[in-house]
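The next block holds one structure in the form of structure tokens; read it before the comments.
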Amino acid sequence: MEKVMEEENSHVQIQNINISMIMTTLKIGTFLALLSETIINVALSNLMEVFSVSANSIQWLTAGYMLIMGTFVPVTAFLIQRITTRQLFLSAMVVFLIGTIFAASAQCFWVLLIGRLIQAVGTGVLLPLMMNTIMVLNPPEKRGSAMGSALLIVLFAPAIGPTYAGLVMQALNWRWIFILMVPLTIISISIGYIFLKNITETVKIKLDITSLILSTVGFGGAIYGLNSVFSVDSAGFWGLAFLLIGIAAIIAFTLRQLKISNPLLNVRAFSYPMFSLGIVLITITYMVLFANFVLMPMFIENILGLTIFQAGLAVLPGGIIGAILPPIFGKLYDSFGPPVIVPVGFAIMVVANFSISCMISSTNIILPIAFYCCVIVGLAALLTPSQTNTLNQLPEEYYAHGTAIMNTMMLIGSAIGSSLFVGIMAYKQKLCLVNNFTTIESLSSGINFSYIFVTILAVIGLALSLFFRGKSR
């Protein structure tokens with residue numbers, strides 16, 4: 001009863017704050033950061049020629065972005081408690097701006113990659129900061145709608161990234177993808193400086209360096225290891241070694257969090273069963289999502305023969321759907337809870353991804369566009385309820401840690417989705433080339449083969465979602 005009264009009082013105290021302006025400011029910054037996740041996808045083939053690098057190297061422009069975000073996000077639980085909302089937002093946006101300038105001015109592949117990784121640091125702060133703000137500013141009965149509005153950004157921004165890049169490259173070159181983002185980022189920083197207010201009280205806690213090192217080695221090693229194991233261009237032994245080192249470091253990191261008084265990431269949040277199940281479902285969802293973000297442009301460009309500009313337009317309807325549906329499903333969650341909506345979302349994803357796995361080079365362009373839109377519909381249906389319900393399981397003192405855990409696994413899932421399934425595709429493609437398939441036939445077979453595994457993953461998510469329940473009132 002006392003906790004309920006405390007939560008109600010906290011919401012009374014923030015009534016005088018302009019919630020709409022705070023959320024708008026955070027959404028603008030987060031939109032730019034998440035847009036940069038996928039803006040490079042349709043330009044990967046072109047960049048391979050520009051910088052004379054392999055497919056395995058070039059995919060680190062996307063997988064590396066996810067990797068850095070996934071290794072940095074655990075720190076945000078500490079940062080959100082230690083630094084004011086305004087300072088943290090402005091710092092993250094400045095870091096993102098520096099990374100964008102690096103990428104725009106890159107004269108070699110490694111400078112471009114460094115710029116992308118710096119961008120990822122800023123993005124890794126902005127996303128959990130926005131979600132933590134939603135939990136603080138909104139009472140439980142309104143969080144579904146608020147989270148749906150935020151997920152409009154989370155789905156729409158990366159979904160239209162390829163469209164934006166395609167439009168830019170149609171008229172200019174790849175460098176302008178980043179150049180045009182510089183003034184937009186400066187505008188976002190200016191808006192934050194003027195309008196953003198602090199919504200939480202800071203706490204003087206020390207950063208546990210050992211936990212930070214274990215977290216970085218653990219998540220970084222695991223993702224790099226997975227990528228290397230499934231890469232046809234590198235030795236599987238070293239990939240397996242990095243993977244095992246990463247897993248060992250994650251275990252050590254988890255055990256340390258249970259022992260220290262001020263954990264970097266409070267893993268005791270996993271003692272709430274529905275929170276744990278929700279994290280698994282969200283991780284699976286982002287693996288499926290980013291597999292589509294990478295594989296679909298490849299299929300449209302290289303198998304169907306569309307230009308970069310046309311490929312960008314082809315995925316635009318999915319981006320529009322991703323902008324429209326999350327708030328709707330957020331309101332449905334507030335009314336009905338997650339037991340029905342989440343399984344339906346996974347069921348739609350199963351059908352859509354299996355249908356994509358059956359496409360060939362003679363497939364009409366309307367079909368991949370339609371199936372991709374169905375993937376986005378399924379994602380919108382399950383993401384808003386699953387993320388809201390997952391965080392609703394936690395008491396208020398766990399919000400910062402819960403959002404950090406959730407965003408860590410979202411980004412780890414994203415990195416795995418964009419590297420693991422590309423690795424599976426490349427492995428199958430190589431086998432087909434050995435058996436005298438044409439280049440297009442080999443790539444098409446590899447993409448289809450990879451989508452079969454994406455479908456299996458969606459089926460697992462569907463089975464687990466049947467046990468997902470809301471928090472009892």
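By convention here, the chains of the structure tokens are called A, B, ... in the order presented, each chain's residues are numbered starting at 1, and ligands are numbered starting at 1 in the order presented.
Shell of Phe89 of chain A at 9 Å, with only C-alpha atoms counted and residues fewer than 3 places along the chain excluded, is A:Leu26, A:Gly29, A:Thr84, A:Thr85, A:Arg86, A:Ala92, A:Met93, A:Val94, A:Gly122, A:Val125, A:Leu126, A:Leu129, A:Ile189, A:Gly192, A:Leu196.
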Write out as a ChimeraX atom specification each polymer residue whose atoms come within 9 Å of Ile279 of chain A, counting only C-alpha atoms; drop sequence neighbours fewer than 4 positions from it.
-> /A:274-275,283-284,386-387,390,405-406,409-410
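Here the question is which of A:Ile98, A:Ile341, A:Gly70, A:Gly115 gets nearest to Gly218 of chain A using only C-alpha atoms, and that residue is A:Gly70.
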Which residue of A:Leu325, A:Ala400, A:Leu112, A:Leu214 approaches Pro128 of chain A most closely, using only C-alpha atoms | A:Ala400
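Using only C-alpha atoms, the shortest contact distance between Ser190 of chain A and any of A:Leu90, A:Cys108, A:Ile205, A:Val459 is found at A:Leu90.
The residue that comes closest to Ser36 of chain A, out of A:Ile177, A:Leu152, A:Ile194, A:Met69 and on the basis of only C-alpha atoms, is A:Ile177.
Here atom CA of Gln107 of chain A is placed at a distance of 18.8 Å from atom CA of Ala55 of chain A.
Every protein or nucleic acid residue with an atom no more than 12 Å from Leu306 of chain A, counting only C-alpha atoms and leaving out same-chain residues fewer than 5 positions away, appears here: Val42, Gly166, Met296, Pro297, Met298, Phe299, Ile300, Glu301, Ala311, Gly312, Leu313, Ala314, Ser361, Asn364 and Ile365 of chain A.
For the pair atom CA of Thr285 of chain A and atom CA of Pro326 of chain A, the separation is 14.5 Å.
Shortest atom-to-atom contact with Leu44 of chain A among A:Met169, A:Val340, A:Ile424, A:Leu332: A:Met169, counting only C-alpha atoms.
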Can you tell me, as a ChimeraX atom specification, what residues are no more than 9 Å from Met130 of chain A when counting only C-alpha atoms, ignoring any on the same chain fewer than 5 positions away?
-> /A:23,26-27,30,125,135,150
Take the selection from the previous step and output its residues with C-alpha atoms, as a tab-separated table (two decimals), in the first residue's frame.
```
chain	number	residue	atom	x	y	z
A	23	MET	CA	8.99	13.32	-24.61
A	26	LEU	CA	13.75	12.76	-26.40
A	27	LYS	CA	11.91	11.31	-29.39
A	30	THR	CA	16.26	9.01	-30.41
A	125	VAL	CA	22.30	6.09	-24.06
A	135	MET	CA	8.15	4.64	-16.90
A	150	ALA	CA	7.71	5.77	-28.32
```
Contacts of Phe346 of chain A at 9 Å or less, counting only C-alpha atoms, minus same-chain residues fewer than 4 places along, as a PDB file with C-alpha atoms, in the first residue's frame?
```pdb
ATOM      1  CA  THR A 285      11.741 -10.180 -31.732  1.00  0.00           C
ATOM      2  CA  ILE A 341      -1.984  -9.606 -28.641  1.00  0.00           C
ATOM      3  CA  VAL A 342       1.582 -10.938 -28.300  1.00  0.00           C
ATOM      4  CA  VAL A 350       5.863 -16.849 -38.587  1.00  0.00           C
ATOM      5  CA  VAL A 351       3.656 -16.783 -41.687  1.00  0.00           C
ATOM      6  CA  GLY A 378       3.498  -8.593 -36.412  1.00  0.00           C
ATOM      7  CA  LEU A 379       6.343  -6.701 -34.766  1.00  0.00           C
ATOM      8  CA  ALA A 381       1.498  -6.066 -32.490  1.00  0.00           C
ATOM      9  CA  LEU A 382       3.871  -7.726 -30.069  1.00  0.00           C
ATOM     10  CA  ALA A 458       9.607 -16.866 -34.704  1.00  0.00           C
ATOM     11  CA  VAL A 459       7.905 -20.202 -34.002  1.00  0.00           C
ATOM     12  CA  GLY A 461       8.738 -16.983 -29.831  1.00  0.00           C
ATOM     13  CA  LEU A 462       5.120 -17.930 -30.577  1.00  0.00           C
ATOM     14  CA  ALA A 463       5.316 -20.977 -28.290  1.00  0.00           C
ATOM     15  CA  SER A 465       4.385 -16.099 -25.818  1.00  0.00           C
TER      16      SER A 465
END
```
What does the distance between atom CA of Ile360 of chain A and atom CA of Glu37 of chain A come to in Å, to one decimal place?
-> 27.7 Å
Test item: residues at most 8 Å from Ile40 of chain A, only C-alpha atoms, excluding those fewer than 6 positions along its chain, as a PDB file with C-alpha atoms, in the first residue's frame:
```pdb
ATOM      1  CA  LEU A  61      29.128  -1.214 -40.184  1.00  0.00           C
ATOM      2  CA  THR A  62      25.771  -2.576 -38.983  1.00  0.00           C
ATOM      3  CA  GLY A 161      16.649   4.323 -42.870  1.00  0.00           C
ATOM      4  CA  PRO A 162      17.153   2.450 -46.171  1.00  0.00           C
ATOM      5  CA  ALA A 165      19.760   6.449 -47.807  1.00  0.00           C
TER       6      ALA A 165
END
```
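For the choices A:Met287, A:Leu67, A:Met131, A:Val53, the atom-to-atom distance to Leu151 of chain A is smallest for A:Met131 when using only C-alpha atoms.
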